[in-house]
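Comments concern the structure below.
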Amino acid sequence: MFQSTRRGSAKRRPHILIIVQNLPVPLDRRVWLECQALVTRGYRVSVICPKGPGDRAREHLEGVDVYKYAPAPEAKGLGGFAWEFAYSWLRTAWLSLQVRRGGRFDVIQACNPPDTYWLLALLWRMAGVRFVFDHHDLNPELFRSRFGEPTGRLKRLEYRALVWLERRSFRAADHIISTNESYKAIAVSRGGRAASEVTVVRSGPDTQQMRPIYPDSPRPADGINLVYVGIMGPQDGVDQALHVVDELVHRRGRNNVTATLLGFGDCLDELKAEAKALLLHDHVTFTGRVDRVQMAEYLSRGDIGLCPDLKTPLNDVSTMNKTMEYMAYALPSVAFDLVETQVSGADTVLYAASGDVSAFADQVERLIDDPGLRARLGRAARHRATELMDWRPQAEAYVAVYDRITGHHLDGRAVPETISDRLFDAQGRRYVDLDDAQVFDAYLLARDAERAAPVPAPAPVPAAAPVLTPAPVPAVARVAALARAEGGF
């Protein structure tokens, strides 16, 4: 099914319509990186997604036409979920007609959750539009992770409906993009597709953009700061991070340990209450949602990253973006022994058996007591992120899917090279010199402000991408979004 229907024309750029329901764009980091890669390689790109607070219904951002609709009210119960699916589908279908008024589009890319846009793609197929399924989440596994194995007639019916919808997405697609090899295996086995019809495109970090800086507000010299970045939902295990801090502070006497928890989600208020009940108010800071500028500050000054996601049917086979973001910032981390987390981190991450808080705390304590180990793992993690997990080769694989479908090709990189010898970021913060082994090692051991004589910084310039406030994401989409940690938090 992966044949070109026409050759690219010099007079008309192929037009790709991307559909997203779980997050606004460009807040959805993976989707925005995909958009930018397509634009760079000569494609015209339009996106349909829900609005965030203050968003306009129509925007043109960095070469991308974005069409937005007001999200559905939060769903409650089976009827509420059905209404949310129908509302979002109808709003998206209507906006697809508006996109068509501005020019024919050649391919629809639907990013799940939910697994409902295959039907819209089939309707547009009658007009010669191809369909690419960008498989972000395993909704059947999400159901099992949240509610356990389905028992009872209603739960089994709901589970079978999710499997059926997923299968329809797999079967309708001209090509499938999976976020890792585990997801690809499911597309082949459960979706009945050939391996050649599925391309793995990991949500890797852009390591030329995501790299350590000298923090403006370093932690105290005698302190140890643990960092978590990501969504705070029921299956993300952030409560496990609190129990680890409780173990270190109250049972092992590590009074110099603090934790900074970056992100937002359904469980944020409950987590704050739990931290208070555990008497951790002096040791734990909840930042709420942070943008990429703030994330660079926190990950550059932290000592150890936390990956507290428990082993569940979903988590075990999902790629946790937080792991690769820690790696990009040369931050050593500790994780539970999930299959795909070990694929991402390999031997640059320390692991504990899922749910064993004491063993997790042992690994954190091992890093606390051995600064040299922290530095070695941080250096190895950065190298692995740069050489194996970087977004740039992933972007090439992603654009190659569209080049083969449309017959279009434009020479050049899908992600332009960043000036590698740049000394400062857009906010005027000095980058750590990763090419100078002595300087890099000194930073890895201290992770604090630059000790050398400062070089005058240029005046800060505005960031290229707008900073957004998260939308009140509809419940069904939000539940699936909680399984990931993408983009700003």
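Note on naming: chains are A, B, ... as they come in the structure tokens, residues start from 1 per chain, ligands start from 1 in the order shown.
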Counting only C-alpha atoms, what is within 10 Å of Val64 in chain A, bar same-chain residues fewer than 3 positions away, as a PyMOL selection string?
chain A and resi 26+32+35-36+38-39+43-47+59-61+67
Could those selected residues go to a file with N, CA, C and O atoms, as a PDB file, in the first residue's frame?
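Result file is result.pdb:
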ATOM      1  N   PRO A  26       1.296  24.486  18.940  1.00  0.00           N
ATOM      2  CA  PRO A  26       2.498  23.663  19.019  1.00  0.00           C
ATOM      3  C   PRO A  26       2.830  23.093  20.389  1.00  0.00           C
ATOM      4  O   PRO A  26       3.961  22.662  20.605  1.00  0.00           O
ATOM      5  N   TRP A  32       4.653  19.126  16.568  1.00  0.00           N
ATOM      6  CA  TRP A  32       5.246  20.366  16.074  1.00  0.00           C
ATOM      7  C   TRP A  32       6.584  20.100  15.387  1.00  0.00           C
ATOM      8  O   TRP A  32       6.895  20.696  14.345  1.00  0.00           O
ATOM      9  N   CYS A  35       5.747  18.814  12.004  1.00  0.00           N
ATOM     10  CA  CYS A  35       5.329  19.910  11.121  1.00  0.00           C
ATOM     11  C   CYS A  35       6.536  20.668  10.581  1.00  0.00           C
ATOM     12  O   CYS A  35       6.617  20.958   9.374  1.00  0.00           O
ATOM     13  N   GLN A  36       7.466  20.983  11.462  1.00  0.00           N
ATOM     14  CA  GLN A  36       8.622  21.761  11.044  1.00  0.00           C
ATOM     15  C   GLN A  36       9.498  20.987  10.068  1.00  0.00           C
ATOM     16  O   GLN A  36      10.067  21.554   9.132  1.00  0.00           O
ATOM     17  N   LEU A  38       8.448  18.740   7.902  1.00  0.00           N
ATOM     18  CA  LEU A  38       7.768  18.747   6.607  1.00  0.00           C
ATOM     19  C   LEU A  38       7.912  20.094   5.912  1.00  0.00           C
ATOM     20  O   LEU A  38       8.181  20.161   4.700  1.00  0.00           O
ATOM     21  N   VAL A  39       7.731  21.177   6.658  1.00  0.00           N
ATOM     22  CA  VAL A  39       7.861  22.517   6.070  1.00  0.00           C
ATOM     23  C   VAL A  39       9.279  22.723   5.530  1.00  0.00           C
ATOM     24  O   VAL A  39       9.475  23.245   4.423  1.00  0.00           O
ATOM     25  N   TYR A  43       7.106  20.820   2.046  1.00  0.00           N
ATOM     26  CA  TYR A  43       5.688  20.478   2.085  1.00  0.00           C
ATOM     27  C   TYR A  43       4.858  21.645   2.615  1.00  0.00           C
ATOM     28  O   TYR A  43       5.340  22.457   3.414  1.00  0.00           O
ATOM     29  N   ARG A  44       3.624  21.699   2.175  1.00  0.00           N
ATOM     30  CA  ARG A  44       2.649  22.591   2.787  1.00  0.00           C
ATOM     31  C   ARG A  44       1.953  21.809   3.894  1.00  0.00           C
ATOM     32  O   ARG A  44       1.573  20.648   3.699  1.00  0.00           O
ATOM     33  N   VAL A  45       1.780  22.414   5.079  1.00  0.00           N
ATOM     34  CA  VAL A  45       1.256  21.691   6.242  1.00  0.00           C
ATOM     35  C   VAL A  45       0.117  22.474   6.867  1.00  0.00           C
ATOM     36  O   VAL A  45       0.221  23.683   7.108  1.00  0.00           O
ATOM     37  N   SER A  46      -0.974  21.773   7.139  1.00  0.00           N
ATOM     38  CA  SER A  46      -2.083  22.319   7.917  1.00  0.00           C
ATOM     39  C   SER A  46      -2.348  21.375   9.087  1.00  0.00           C
ATOM     40  O   SER A  46      -2.112  20.168   8.992  1.00  0.00           O
ATOM     41  N   VAL A  47      -2.811  21.943  10.188  1.00  0.00           N
ATOM     42  CA  VAL A  47      -3.092  21.167  11.398  1.00  0.00           C
ATOM     43  C   VAL A  47      -4.491  21.514  11.898  1.00  0.00           C
ATOM     44  O   VAL A  47      -4.884  22.682  11.900  1.00  0.00           O
ATOM     45  N   GLU A  59      -4.556  30.293  12.832  1.00  0.00           N
ATOM     46  CA  GLU A  59      -3.233  30.889  12.994  1.00  0.00           C
ATOM     47  C   GLU A  59      -2.304  30.367  11.907  1.00  0.00           C
ATOM     48  O   GLU A  59      -2.483  29.253  11.407  1.00  0.00           O
ATOM     49  N   HIS A  60      -1.323  31.179  11.576  1.00  0.00           N
ATOM     50  CA  HIS A  60      -0.238  30.743  10.696  1.00  0.00           C
ATOM     51  C   HIS A  60       1.047  30.873  11.503  1.00  0.00           C
ATOM     52  O   HIS A  60       1.491  31.991  11.799  1.00  0.00           O
ATOM     53  N   LEU A  61       1.617  29.748  11.899  1.00  0.00           N
ATOM     54  CA  LEU A  61       2.779  29.731  12.782  1.00  0.00           C
ATOM     55  C   LEU A  61       3.952  29.048  12.097  1.00  0.00           C
ATOM     56  O   LEU A  61       3.883  27.856  11.781  1.00  0.00           O
ATOM     57  N   TYR A  67      -5.702  25.243  12.357  1.00  0.00           N
ATOM     58  CA  TYR A  67      -7.145  25.427  12.508  1.00  0.00           C
ATOM     59  C   TYR A  67      -7.548  24.827  13.855  1.00  0.00           C
ATOM     60  O   TYR A  67      -7.263  23.645  14.123  1.00  0.00           O
TER      61      TYR A  67
END
Using only C-alpha atoms, determine which residues lie at most 8 Å from Cys267 in chain A, disregarding the query and same-chain residues fewer than 2 positions distant; provide the list as a PyMOL selection string.
chain A and resi 232-234+264-265+269-271
Output for the residues just chosen: N, CA, C and O atoms as a PDB file, in the first residue's frame:
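Final file, result39.pdb:
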ATOM      1  N   MET A 232       1.355  14.423  35.273  1.00  0.00           N
ATOM      2  CA  MET A 232       1.072  13.895  36.604  1.00  0.00           C
ATOM      3  C   MET A 232      -0.328  13.296  36.608  1.00  0.00           C
ATOM      4  O   MET A 232      -1.295  13.925  37.035  1.00  0.00           O
ATOM      5  N   GLY A 233      -0.417  12.075  36.073  1.00  0.00           N
ATOM      6  CA  GLY A 233      -1.679  11.359  35.998  1.00  0.00           C
ATOM      7  C   GLY A 233      -1.634  10.099  36.823  1.00  0.00           C
ATOM      8  O   GLY A 233      -0.597   9.747  37.406  1.00  0.00           O
ATOM      9  N   PRO A 234      -2.739   9.369  36.874  1.00  0.00           N
ATOM     10  CA  PRO A 234      -2.821   8.180  37.724  1.00  0.00           C
ATOM     11  C   PRO A 234      -1.776   7.120  37.419  1.00  0.00           C
ATOM     12  O   PRO A 234      -1.346   6.402  38.313  1.00  0.00           O
ATOM     13  N   PHE A 264       2.082  19.078  35.108  1.00  0.00           N
ATOM     14  CA  PHE A 264       0.695  19.257  35.519  1.00  0.00           C
ATOM     15  C   PHE A 264      -0.070  18.001  35.153  1.00  0.00           C
ATOM     16  O   PHE A 264       0.425  17.132  34.429  1.00  0.00           O
ATOM     17  N   GLY A 265      -1.279  17.886  35.647  1.00  0.00           N
ATOM     18  CA  GLY A 265      -2.105  16.729  35.336  1.00  0.00           C
ATOM     19  C   GLY A 265      -3.199  16.548  36.362  1.00  0.00           C
ATOM     20  O   GLY A 265      -3.303  17.298  37.343  1.00  0.00           O
ATOM     21  N   ASP A 269      -3.122  18.114  42.405  1.00  0.00           N
ATOM     22  CA  ASP A 269      -3.611  18.524  43.729  1.00  0.00           C
ATOM     23  C   ASP A 269      -3.480  17.391  44.739  1.00  0.00           C
ATOM     24  O   ASP A 269      -3.114  17.622  45.903  1.00  0.00           O
ATOM     25  N   GLU A 270      -3.764  16.161  44.310  1.00  0.00           N
ATOM     26  CA  GLU A 270      -3.622  15.019  45.223  1.00  0.00           C
ATOM     27  C   GLU A 270      -2.168  14.832  45.626  1.00  0.00           C
ATOM     28  O   GLU A 270      -1.871  14.493  46.784  1.00  0.00           O
ATOM     29  N   LEU A 271      -1.253  15.023  44.689  1.00  0.00           N
ATOM     30  CA  LEU A 271       0.170  14.867  44.990  1.00  0.00           C
ATOM     31  C   LEU A 271       0.645  15.938  45.966  1.00  0.00           C
ATOM     32  O   LEU A 271       1.452  15.663  46.866  1.00  0.00           O
TER      33      LEU A 271
END
Applying 7 Å and only C-alpha atoms, which residues near Gly191 in chain A remain after dropping the ones on its own chain fewer than 5 positions away? List them as a ChimeraX atom specification.
/A:167,170-171,186
What would the file look like if the residues just selected were written as a PDB file, in the first residue's frame with all heavy atoms?
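Just written: result.pdb:
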ATOM      1  N   ARG A 167      -7.899  -1.411  15.448  1.00  0.00           N
ATOM      2  CA  ARG A 167      -7.708  -2.235  14.251  1.00  0.00           C
ATOM      3  C   ARG A 167      -8.169  -1.503  13.000  1.00  0.00           C
ATOM      4  O   ARG A 167      -7.550  -1.590  11.949  1.00  0.00           O
ATOM      5  CB  ARG A 167      -8.462  -3.557  14.399  1.00  0.00           C
ATOM      6  CG  ARG A 167      -8.151  -4.545  13.261  1.00  0.00           C
ATOM      7  CD  ARG A 167      -8.885  -5.862  13.448  1.00  0.00           C
ATOM      8  NE  ARG A 167      -8.460  -6.508  14.684  1.00  0.00           N
ATOM      9  CZ  ARG A 167      -9.275  -6.784  15.708  1.00  0.00           C
ATOM     10  NH1 ARG A 167     -10.558  -6.454  15.648  1.00  0.00           N
ATOM     11  NH2 ARG A 167      -8.818  -7.380  16.777  1.00  0.00           N
ATOM     12  N   PHE A 170      -5.406   0.822  11.993  1.00  0.00           N
ATOM     13  CA  PHE A 170      -4.316   0.096  11.345  1.00  0.00           C
ATOM     14  C   PHE A 170      -4.686  -0.296   9.914  1.00  0.00           C
ATOM     15  O   PHE A 170      -3.910  -0.119   8.977  1.00  0.00           O
ATOM     16  CB  PHE A 170      -3.989  -1.169  12.143  1.00  0.00           C
ATOM     17  CG  PHE A 170      -3.224  -0.922  13.419  1.00  0.00           C
ATOM     18  CD1 PHE A 170      -3.519  -1.661  14.561  1.00  0.00           C
ATOM     19  CD2 PHE A 170      -2.211   0.011  13.491  1.00  0.00           C
ATOM     20  CE1 PHE A 170      -2.819  -1.467  15.736  1.00  0.00           C
ATOM     21  CE2 PHE A 170      -1.492   0.216  14.665  1.00  0.00           C
ATOM     22  CZ  PHE A 170      -1.803  -0.527  15.790  1.00  0.00           C
ATOM     23  N   ARG A 171      -5.886  -0.854   9.735  1.00  0.00           N
ATOM     24  CA  ARG A 171      -6.273  -1.399   8.443  1.00  0.00           C
ATOM     25  C   ARG A 171      -6.517  -0.306   7.405  1.00  0.00           C
ATOM     26  O   ARG A 171      -6.298  -0.509   6.217  1.00  0.00           O
ATOM     27  CB  ARG A 171      -7.531  -2.253   8.611  1.00  0.00           C
ATOM     28  CG  ARG A 171      -7.332  -3.485   9.501  1.00  0.00           C
ATOM     29  CD  ARG A 171      -6.434  -4.527   8.873  1.00  0.00           C
ATOM     30  NE  ARG A 171      -6.165  -5.636   9.763  1.00  0.00           N
ATOM     31  CZ  ARG A 171      -6.969  -6.696   9.918  1.00  0.00           C
ATOM     32  NH1 ARG A 171      -8.112  -6.752   9.236  1.00  0.00           N
ATOM     33  NH2 ARG A 171      -6.633  -7.664  10.724  1.00  0.00           N
ATOM     34  N   ILE A 186       3.074  -4.394  17.644  1.00  0.00           N
ATOM     35  CA  ILE A 186       1.626  -4.472  17.838  1.00  0.00           C
ATOM     36  C   ILE A 186       0.895  -4.143  16.542  1.00  0.00           C
ATOM     37  O   ILE A 186      -0.118  -4.769  16.200  1.00  0.00           O
ATOM     38  CB  ILE A 186       1.194  -3.554  18.988  1.00  0.00           C
ATOM     39  CG1 ILE A 186       1.646  -4.156  20.316  1.00  0.00           C
ATOM     40  CG2 ILE A 186      -0.312  -3.315  18.985  1.00  0.00           C
ATOM     41  CD1 ILE A 186       1.435  -3.277  21.514  1.00  0.00           C
TER      42      ILE A 186
END
Sorted per-residue table, range 124-159 of chain A near range 315-323 of chain A, closest atoms and distance, 10 Å, only C-alpha atoms, as a tab-separated table:
residue	atom	partner	partner_atom	distance
A:His136	CA	A:Ser318	CA	9.0
A:Asp137	CA	A:Ser318	CA	7.9
A:Leu138	CA	A:Ser318	CA	8.5
A:Glu141	CA	A:Asn315	CA	8.6
A:Leu142	CA	A:Asn315	CA	8.5
A:Ser145	CA	A:Asn315	CA	8.2
How would the residues just picked look written out with C-alpha atoms as a short mmCIF file (atom, residue, chain, number, x, y, z; two decimals), in the first residue's frame?
data_model
loop_
_atom_site.label_atom_id
_atom_site.label_comp_id
_atom_site.auth_asym_id
_atom_site.auth_seq_id
_atom_site.Cartn_x
_atom_site.Cartn_y
_atom_site.Cartn_z
CA HIS A 136 1.17 7.66 19.67
CA ASP A 137 -0.69 5.57 22.28
CA LEU A 138 -1.98 2.07 22.88
CA GLU A 141 -3.25 -1.11 27.06
CA LEU A 142 -4.20 2.23 28.58
CA SER A 145 -3.49 -0.07 32.97
#
Separating CA of Ile224 in chain A from CA of Thr287 in chain A, to the nearest tenth of an Å, is a gap of 17.5 Å
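Across A:Ala195, A:Leu17, A:Ile177, A:Ala395, the tightest approach to Val129 in chain A is made by A:Leu17 when counting only C-alpha atoms.
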